[in-house]
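Pasted below: final29.cif, mmCIF, C-alpha atoms.
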data_coords
#
loop_
_atom_site.group_PDB
_atom_site.id
_atom_site.type_symbol
_atom_site.label_atom_id
_atom_site.label_comp_id
_atom_site.auth_asym_id
_atom_site.auth_seq_id
_atom_site.Cartn_x
_atom_site.Cartn_y
_atom_site.Cartn_z
ATOM 1 C CA MET R 22 62.951 -86.532 21.789
ATOM 2 C CA TYR R 23 60.626 -84.190 19.911
ATOM 3 C CA LYS R 24 58.344 -85.892 17.406
ATOM 4 C CA LEU R 25 56.838 -83.385 14.993
ATOM 5 C CA GLY R 26 54.995 -83.468 11.700
ATOM 6 C CA LEU R 27 52.928 -81.749 9.029
ATOM 7 C CA ILE R 28 49.539 -82.753 7.672
ATOM 8 C CA GLY R 29 48.034 -81.518 4.418
ATOM 9 C CA ARG R 30 46.732 -82.782 1.118
ATOM 10 C CA SER R 31 50.013 -82.725 -0.837
ATOM 11 C CA VAL R 32 53.006 -82.006 1.354
ATOM 12 C CA GLU R 33 55.672 -84.198 -0.237
ATOM 13 C CA HIS R 34 57.808 -81.223 -1.275
ATOM 14 C CA SER R 35 57.413 -79.162 1.894
ATOM 15 C CA LYS R 36 60.476 -77.369 3.242
ATOM 16 C CA SER R 37 59.226 -77.684 6.825
ATOM 17 C CA PRO R 38 61.370 -80.751 7.696
ATOM 18 C CA GLU R 39 64.506 -78.911 6.578
ATOM 19 C CA ILE R 40 63.608 -75.842 8.649
ATOM 20 C CA HIS R 41 62.661 -77.720 11.828
ATOM 21 C CA HIS R 42 65.598 -80.118 11.716
ATOM 22 C CA LYS R 43 67.813 -77.023 11.463
ATOM 23 C CA LEU R 44 66.053 -75.385 14.417
ATOM 24 C CA LEU R 45 66.366 -78.570 16.477
ATOM 25 C CA ALA R 46 70.087 -78.816 15.723
ATOM 26 C CA GLU R 47 70.708 -75.128 16.478
ATOM 27 C CA ASN R 48 69.086 -75.578 19.890
ATOM 28 C CA GLY R 49 70.867 -78.837 20.715
ATOM 29 C CA LEU R 50 67.625 -80.839 20.692
ATOM 30 C CA GLU R 51 66.944 -84.302 19.354
ATOM 31 C CA GLY R 52 63.894 -84.704 17.199
ATOM 32 C CA GLU R 53 62.185 -85.766 13.993
ATOM 33 C CA TYR R 54 59.797 -84.021 11.613
ATOM 34 C CA HIS R 55 57.627 -86.131 9.305
ATOM 35 C CA LEU R 56 55.260 -85.358 6.430
ATOM 36 C CA PHE R 57 51.717 -86.746 6.199
ATOM 37 C CA SER R 58 49.830 -86.272 2.930
ATOM 38 C CA ILE R 59 46.280 -87.307 3.801
ATOM 39 C CA ASP R 60 42.698 -87.107 2.585
ATOM 40 C CA GLU R 61 40.150 -85.409 4.813
ATOM 41 C CA SER R 62 38.693 -88.799 5.759
ATOM 42 C CA MET R 63 42.048 -89.682 7.376
ATOM 43 C CA ILE R 64 42.281 -86.734 9.797
ATOM 44 C CA ALA R 65 40.847 -88.539 12.843
ATOM 45 C CA GLU R 66 43.052 -91.621 12.499
ATOM 46 C CA THR R 67 46.139 -89.458 11.865
ATOM 47 C CA LEU R 68 45.533 -87.487 15.046
ATOM 48 C CA GLU R 69 45.067 -90.715 16.973
ATOM 49 C CA TYR R 70 48.380 -91.921 15.531
ATOM 50 C CA PHE R 71 50.081 -88.753 16.797
ATOM 51 C CA LYS R 72 48.712 -89.252 20.304
ATOM 52 C CA THR R 73 49.489 -92.976 20.413
ATOM 53 C CA ASN R 74 53.047 -92.389 19.218
ATOM 54 C CA GLU R 75 53.718 -89.524 21.643
ATOM 55 C CA TYR R 76 54.126 -86.711 19.141
ATOM 56 C CA THR R 77 54.916 -83.283 20.602
ATOM 57 C CA GLY R 78 52.880 -81.500 17.973
ATOM 58 C CA PHE R 79 52.346 -80.916 14.283
ATOM 59 C CA ASN R 80 51.678 -78.293 11.655
ATOM 60 C CA VAL R 81 48.562 -78.068 9.493
ATOM 61 C CA THR R 82 48.511 -76.739 5.942
ATOM 62 C CA VAL R 83 45.966 -76.369 3.142
ATOM 63 C CA PRO R 84 43.241 -77.406 2.930
ATOM 64 C CA TYR R 85 42.805 -78.445 6.590
ATOM 65 C CA LYS R 86 43.498 -75.255 8.594
ATOM 66 C CA GLU R 87 39.792 -74.809 9.272
ATOM 67 C CA THR R 88 38.654 -78.418 8.796
ATOM 68 C CA ILE R 89 40.762 -79.625 11.710
ATOM 69 C CA ILE R 90 39.167 -77.395 14.357
ATOM 70 C CA PRO R 91 36.329 -79.786 15.394
ATOM 71 C CA TYR R 92 38.973 -82.444 16.142
ATOM 72 C CA LEU R 93 40.832 -80.236 18.640
ATOM 73 C CA ASP R 94 40.308 -79.906 22.393
ATOM 74 C CA ALA R 95 41.155 -76.199 22.728
ATOM 75 C CA LEU R 96 42.163 -73.138 20.699
ATOM 76 C CA GLU R 97 44.601 -70.391 21.612
ATOM 77 C CA THR R 98 43.139 -66.882 21.305
ATOM 78 C CA SER R 99 44.342 -66.001 17.784
ATOM 79 C CA ALA R 100 43.263 -69.378 16.410
ATOM 80 C CA GLU R 101 39.872 -68.895 18.070
ATOM 81 C CA VAL R 102 39.417 -65.453 16.566
ATOM 82 C CA MET R 103 40.479 -66.565 13.101
ATOM 83 C CA GLN R 104 38.950 -70.032 13.199
ATOM 84 C CA SER R 105 42.104 -71.202 11.477
ATOM 85 C CA VAL R 106 44.877 -73.446 12.838
ATOM 86 C CA ASN R 107 48.351 -74.106 11.454
ATOM 87 C CA THR R 108 50.055 -75.444 14.595
ATOM 88 C CA VAL R 109 48.898 -78.003 17.156
ATOM 89 C CA LYS R 110 50.592 -78.870 20.437
ATOM 90 C CA ILE R 111 49.782 -82.150 22.189
ATOM 91 C CA VAL R 112 49.711 -81.822 25.982
ATOM 92 C CA ASP R 113 48.650 -84.830 28.068
ATOM 93 C CA GLY R 114 46.709 -86.212 25.128
ATOM 94 C CA GLN R 115 44.933 -82.894 24.526
ATOM 95 C CA LEU R 116 45.186 -81.203 21.123
ATOM 96 C CA ILE R 117 45.641 -77.418 21.415
ATOM 97 C CA GLY R 118 45.388 -75.360 18.237
ATOM 98 C CA TYR R 119 47.416 -72.219 17.460
ATOM 99 C CA ASN R 120 47.919 -69.996 14.452
ATOM 100 C CA THR R 121 51.419 -68.679 13.742
ATOM 101 C CA ASP R 122 50.787 -67.552 10.156
ATOM 102 C CA GLY R 123 50.164 -63.938 11.085
ATOM 103 C CA LEU R 124 52.935 -63.806 13.681
ATOM 104 C CA GLY R 125 55.356 -65.299 11.163
ATOM 105 C CA TYR R 126 54.312 -62.843 8.491
ATOM 106 C CA ILE R 127 54.754 -59.797 10.732
ATOM 107 C CA GLU R 128 58.152 -61.047 11.919
ATOM 108 C CA SER R 129 59.163 -61.590 8.289
ATOM 109 C CA LEU R 130 58.150 -58.022 7.424
ATOM 110 C CA LYS R 131 60.028 -56.638 10.429
ATOM 111 C CA GLN R 132 63.188 -58.567 9.606
ATOM 112 C CA ASN R 133 63.206 -57.547 5.939
ATOM 113 C CA TYR R 134 61.935 -53.979 6.318
ATOM 114 C CA PRO R 135 62.722 -53.005 9.928
ATOM 115 C CA ASP R 136 61.612 -49.362 9.573
ATOM 116 C CA TRP R 137 58.287 -50.131 7.899
ATOM 117 C CA PHE R 138 56.232 -49.973 11.111
ATOM 118 C CA ASN R 139 57.694 -46.645 12.238
ATOM 119 C CA ASN R 140 54.753 -44.673 10.824
ATOM 120 C CA ARG R 141 52.273 -47.511 11.015
ATOM 121 C CA GLN R 142 49.189 -45.321 11.327
ATOM 122 C CA GLU R 143 50.001 -43.782 7.949
ATOM 123 C CA LYS R 144 50.347 -47.161 6.218
ATOM 124 C CA THR R 145 47.762 -48.748 3.923
ATOM 125 C CA VAL R 146 47.732 -52.490 3.190
ATOM 126 C CA LEU R 147 45.897 -54.515 0.568
ATOM 127 C CA VAL R 148 45.278 -58.186 1.380
ATOM 128 C CA LEU R 149 44.436 -60.356 -1.635
ATOM 129 C CA GLY R 150 42.439 -63.415 -0.627
ATOM 130 C CA ALA R 151 40.193 -64.280 2.298
ATOM 131 C CA GLY R 152 41.159 -67.829 3.301
ATOM 132 C CA GLY R 153 42.951 -69.189 6.361
ATOM 133 C CA ALA R 154 46.268 -67.446 5.717
ATOM 134 C CA ALA R 155 44.488 -64.143 5.055
ATOM 135 C CA LYS R 156 42.734 -64.444 8.415
ATOM 136 C CA GLY R 157 46.001 -64.966 10.298
ATOM 137 C CA ILE R 158 47.831 -62.153 8.545
ATOM 138 C CA THR R 159 44.891 -59.730 8.811
ATOM 139 C CA HIS R 160 44.551 -60.440 12.539
ATOM 140 C CA GLN R 161 48.141 -59.405 13.178
ATOM 141 C CA LEU R 162 47.929 -56.386 10.849
ATOM 142 C CA VAL R 163 44.906 -55.215 12.857
ATOM 143 C CA ASN R 164 46.814 -55.797 16.108
ATOM 144 C CA HIS R 165 49.569 -53.497 14.816
ATOM 145 C CA GLN R 166 47.036 -50.684 14.311
ATOM 146 C CA LEU R 167 47.860 -49.779 10.736
ATOM 147 C CA GLY R 168 46.168 -46.842 9.077
ATOM 148 C CA ARG R 169 43.930 -48.734 6.641
ATOM 149 C CA ILE R 170 43.587 -52.385 5.680
ATOM 150 C CA PHE R 171 41.724 -53.402 2.531
ATOM 151 C CA ILE R 172 40.595 -56.942 1.718
ATOM 152 C CA ALA R 173 39.822 -58.050 -1.840
ATOM 153 C CA ASN R 174 38.710 -61.507 -2.872
ATOM 154 C CA ARG R 175 37.383 -62.770 -6.171
ATOM 155 C CA THR R 176 34.373 -64.129 -4.266
ATOM 156 C CA GLN R 177 33.154 -60.971 -2.552
ATOM 157 C CA SER R 178 31.100 -62.829 0.067
ATOM 158 C CA LYS R 179 34.291 -64.340 1.548
ATOM 159 C CA ALA R 180 35.880 -60.896 1.822
ATOM 160 C CA LEU R 181 32.779 -59.630 3.620
ATOM 161 C CA GLU R 182 32.902 -62.640 5.945
ATOM 162 C CA LEU R 183 36.509 -61.838 6.867
ATOM 163 C CA ALA R 184 35.661 -58.164 7.375
ATOM 164 C CA SER R 185 32.874 -59.185 9.765
ATOM 165 C CA ILE R 186 35.536 -60.701 12.045
ATOM 166 C CA PHE R 187 37.674 -57.549 11.942
ATOM 167 C CA PRO R 188 35.564 -54.360 11.932
ATOM 168 C CA GLU R 189 38.711 -52.267 11.285
ATOM 169 C CA VAL R 190 39.052 -53.825 7.810
ATOM 170 C CA GLU R 191 37.474 -52.462 4.628
ATOM 171 C CA THR R 192 36.487 -54.566 1.625
ATOM 172 C CA ILE R 193 36.834 -53.558 -1.996
ATOM 173 C CA GLN R 194 35.506 -55.142 -5.165
ATOM 174 C CA TRP R 195 37.947 -57.239 -7.171
ATOM 175 C CA SER R 196 37.482 -54.778 -10.045
ATOM 176 C CA GLU R 197 38.932 -52.038 -7.793
ATOM 177 C CA VAL R 198 42.213 -53.844 -7.060
ATOM 178 C CA THR R 199 44.225 -52.246 -9.883
ATOM 179 C CA HIS R 200 43.292 -48.759 -8.692
ATOM 180 C CA ALA R 201 43.899 -49.659 -5.029
ATOM 181 C CA LEU R 202 47.438 -50.790 -5.843
ATOM 182 C CA THR R 203 48.383 -47.189 -6.633
ATOM 183 C CA GLN R 204 47.437 -46.129 -3.087
ATOM 184 C CA VAL R 205 48.843 -48.845 -0.836
ATOM 185 C CA ASP R 206 52.188 -49.311 0.901
ATOM 186 C CA LEU R 207 52.008 -53.103 0.985
ATOM 187 C CA ALA R 208 50.156 -55.628 -1.181
ATOM 188 C CA ILE R 209 49.982 -59.245 0.009
ATOM 189 C CA ASN R 210 48.930 -62.287 -2.005
ATOM 190 C CA THR R 211 47.603 -64.729 0.593
ATOM 191 C CA THR R 212 46.181 -67.180 -1.970
ATOM 192 C CA THR R 213 47.828 -70.218 -3.576
ATOM 193 C CA VAL R 214 47.640 -68.666 -7.062
ATOM 194 C CA GLY R 215 51.115 -68.925 -8.559
ATOM 195 C CA MET R 216 52.115 -72.037 -6.616
ATOM 196 C CA ALA R 217 53.825 -74.815 -8.593
ATOM 197 C CA PRO R 218 52.762 -76.512 -10.814
ATOM 198 C CA ASN R 219 50.593 -73.495 -11.719
ATOM 199 C CA ASP R 220 53.487 -71.052 -11.520
ATOM 200 C CA HIS R 221 52.504 -69.503 -14.855
ATOM 201 C CA GLN R 222 49.573 -67.833 -13.066
ATOM 202 C CA SER R 223 49.426 -64.539 -11.165
ATOM 203 C CA ILE R 224 46.685 -63.285 -8.870
ATOM 204 C CA ILE R 225 46.829 -59.804 -10.472
ATOM 205 C CA SER R 226 48.727 -57.916 -13.150
ATOM 206 C CA LEU R 227 51.187 -55.230 -12.121
ATOM 207 C CA LYS R 228 51.999 -54.020 -15.624
ATOM 208 C CA GLY R 229 52.332 -50.254 -15.668
ATOM 209 C CA LEU R 230 51.965 -49.899 -11.905
ATOM 210 C CA LYS R 231 52.439 -46.214 -11.067
ATOM 211 C CA SER R 232 53.604 -46.692 -7.486
ATOM 212 C CA ASN R 233 56.055 -48.936 -5.686
ATOM 213 C CA PRO R 234 54.405 -50.704 -2.747
ATOM 214 C CA ILE R 235 56.122 -53.653 -1.136
ATOM 215 C CA VAL R 236 54.734 -56.648 -3.029
ATOM 216 C CA SER R 237 54.509 -59.780 -0.932
ATOM 217 C CA ASP R 238 53.602 -63.339 -1.910
ATOM 218 C CA ILE R 239 53.146 -66.055 0.705
ATOM 219 C CA VAL R 240 53.644 -68.719 -1.998
ATOM 220 C CA TYR R 241 57.159 -70.144 -1.582
ATOM 221 C CA GLN R 242 57.291 -72.765 -4.334
ATOM 222 C CA PRO R 243 58.530 -71.335 -6.610
ATOM 223 C CA THR R 244 60.529 -68.691 -4.759
ATOM 224 C CA TRP R 245 60.083 -66.295 -7.663
ATOM 225 C CA THR R 246 56.368 -66.378 -8.399
ATOM 226 C CA LYS R 247 55.044 -64.676 -11.499
ATOM 227 C CA LEU R 248 53.665 -61.923 -9.252
ATOM 228 C CA LEU R 249 57.083 -61.250 -7.700
ATOM 229 C CA ILE R 250 58.851 -61.357 -11.065
ATOM 230 C CA GLU R 251 56.445 -58.722 -12.392
ATOM 231 C CA ALA R 252 56.773 -56.639 -9.208
ATOM 232 C CA HIS R 253 60.572 -56.728 -9.566
ATOM 233 C CA GLU R 254 60.295 -55.591 -13.170
ATOM 234 C CA GLU R 255 58.118 -52.678 -12.015
ATOM 235 C CA GLY R 256 60.718 -51.670 -9.414
ATOM 236 C CA CYS R 257 58.768 -52.685 -6.296
ATOM 237 C CA PRO R 258 60.413 -53.906 -3.083
ATOM 238 C CA LEU R 259 59.686 -57.613 -2.525
ATOM 239 C CA LEU R 260 58.832 -59.905 0.370
ATOM 240 C CA PHE R 261 59.216 -63.600 -0.428
ATOM 241 C CA GLY R 262 57.050 -66.458 0.790
ATOM 242 C CA GLU R 263 60.091 -68.350 2.078
ATOM 243 C CA SER R 264 60.612 -65.634 4.690
ATOM 244 C CA MET R 265 57.108 -66.019 6.127
ATOM 245 C CA LEU R 266 57.464 -69.812 5.966
ATOM 246 C CA TYR R 267 60.614 -69.618 8.066
ATOM 247 C CA TYR R 268 59.285 -67.248 10.717
ATOM 248 C CA GLN R 269 55.914 -68.982 11.156
ATOM 249 C CA ALA R 270 57.945 -72.173 11.650
ATOM 250 C CA VAL R 271 60.075 -70.426 14.280
ATOM 251 C CA LYS R 272 56.924 -69.376 16.157
ATOM 252 C CA ALA R 273 55.578 -72.951 16.004
ATOM 253 C CA PHE R 274 58.945 -74.288 17.209
ATOM 254 C CA GLU R 275 58.814 -71.934 20.201
ATOM 255 C CA ILE R 276 55.321 -73.205 21.084
ATOM 256 C CA TRP R 277 56.419 -76.865 20.968
ATOM 257 C CA THR R 278 59.774 -76.517 22.738
ATOM 258 C CA MET R 279 59.191 -73.465 24.983
ATOM 259 C CA LYS R 280 62.520 -72.128 23.695
ATOM 260 C CA GLU R 281 62.940 -68.710 22.083
#

Show me the file's structure as structure tokens.
Amino acid sequence: MYKLGLIGRSVEHSKSPEIHHKLLAENGLEGEYHLFSIDESMIAETLEYFKTNEYTGFNVTVPYKETIIPYLDALETSAEVMQSVNTVKIVDGQLIGYNTDGLGYIESLKQNYPDWFNNRQEKTVLVLGAGGAAKGITHQLVNHQLGRIFIANRTQSKALELASIFPEVETIQWSEVTHALTQVDLAINTTTVGMAPNDHQSIISLKGLKSNPIVSDIVYQPTWTKLLIEAHEEGCPLLFGESMLYYQAVKAFEIWTMKE
């Protein structure tokens, strides 16, 4: 039986159990998926609990995607490059870290807009934020050899830090975001701005936007973030956070079960 879980600071309302129980059932597998809301001081004992109780693996969410790395025995290539982990597989007592955020995001984009990558070298993307999710998504965008990728973060030093990992990426000042939105094909909010209970907030304003890029928000609670509501009102195509959540879960499920 597969024993799976999720650790984070406040995960009580996560949709991950629903998704993984569905995936288990669809594949005729027995298993459980549990939620663990923990403080940082509890990471070591929680990981020991997983090993002692023969867990197959677990997911990691904010704010521990980077914090957990020193506790792991090995990192898969993408997690190593990004220094960010959202999935851990336990093999013979060894904790192996992966990152499926970027893979899940790209799969979500392909499923919702299947022709978008056809002229990939002509596409321009704006990534808002420079945290763990931004690293995963940017890594996969770079791998797909898009024309231009811009990173903007309210703390410019973090954007520069991310750009140092990926030389193909360009940084812009936060004050330049409004202008950049008129030139991009895809804008992605990778931050938690707009997540409940702060769903009255938006990372940027789209009022009067004079173009129609795909506007994407990785926040999935609420489904309709303020950013996506405004993008819809401006006539932009949308990509919802629930879609990325589902496909990054699928990628994690494949890692744990070795089933496609």

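If you look at atom CA of Gln242 of chain R and atom CA of Met216 of chain R, they are 5.7 Å away from each other.
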
Looking at only C-alpha atoms, which of R:Glu197, R:Asp220, R:Asp206, R:Glu128 is the one that sits closest to Tyr268 of chain R? R:Glu128

Got a sec: who's within 10 Å of Ile111 of chain R, counting all atoms listed in the file, leaving out chain neighbours fewer than 2 positions off, as a PyMOL selection string? chain R and resi 68+71-72+75-79+93-94+109+113-118+277

Would you write out those residues with C-alpha atoms, as an mmCIF file, in the coordinates of the input?
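This is the output file out28.cif:
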data_model
loop_
_atom_site.group_PDB
_atom_site.id
_atom_site.type_symbol
_atom_site.label_atom_id
_atom_site.label_comp_id
_atom_site.auth_asym_id
_atom_site.auth_seq_id
_atom_site.Cartn_x
_atom_site.Cartn_y
_atom_site.Cartn_z
ATOM 1 C CA LEU R 68 45.533 -87.487 15.046
ATOM 2 C CA PHE R 71 50.081 -88.753 16.797
ATOM 3 C CA LYS R 72 48.712 -89.252 20.304
ATOM 4 C CA GLU R 75 53.718 -89.524 21.643
ATOM 5 C CA TYR R 76 54.126 -86.711 19.141
ATOM 6 C CA THR R 77 54.916 -83.283 20.602
ATOM 7 C CA GLY R 78 52.880 -81.500 17.973
ATOM 8 C CA PHE R 79 52.346 -80.916 14.283
ATOM 9 C CA LEU R 93 40.832 -80.236 18.640
ATOM 10 C CA ASP R 94 40.308 -79.906 22.393
ATOM 11 C CA VAL R 109 48.898 -78.003 17.156
ATOM 12 C CA ASP R 113 48.650 -84.830 28.068
ATOM 13 C CA GLY R 114 46.709 -86.212 25.128
ATOM 14 C CA GLN R 115 44.933 -82.894 24.526
ATOM 15 C CA LEU R 116 45.186 -81.203 21.123
ATOM 16 C CA ILE R 117 45.641 -77.418 21.415
ATOM 17 C CA GLY R 118 45.388 -75.360 18.237
ATOM 18 C CA TRP R 277 56.419 -76.865 20.968
#

Shortest interatomic distance to Ser237 of chain R - which of R:Asp60, R:Ser185, R:Ile158, R:Lys24, counting all atoms listed in the file: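 Closest candidate: R:Ile158.
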
Give me the residues near Pro38 of chain R as a list in words, where near means some atom within 10 Å (using all atoms listed in the file) and where sequence neighbours in that chain fewer than 5 positions away do not count. Leu25, Gly26, Leu27, Lys43, Leu44, Glu53, Tyr54, His55 and Leu56 of chain R
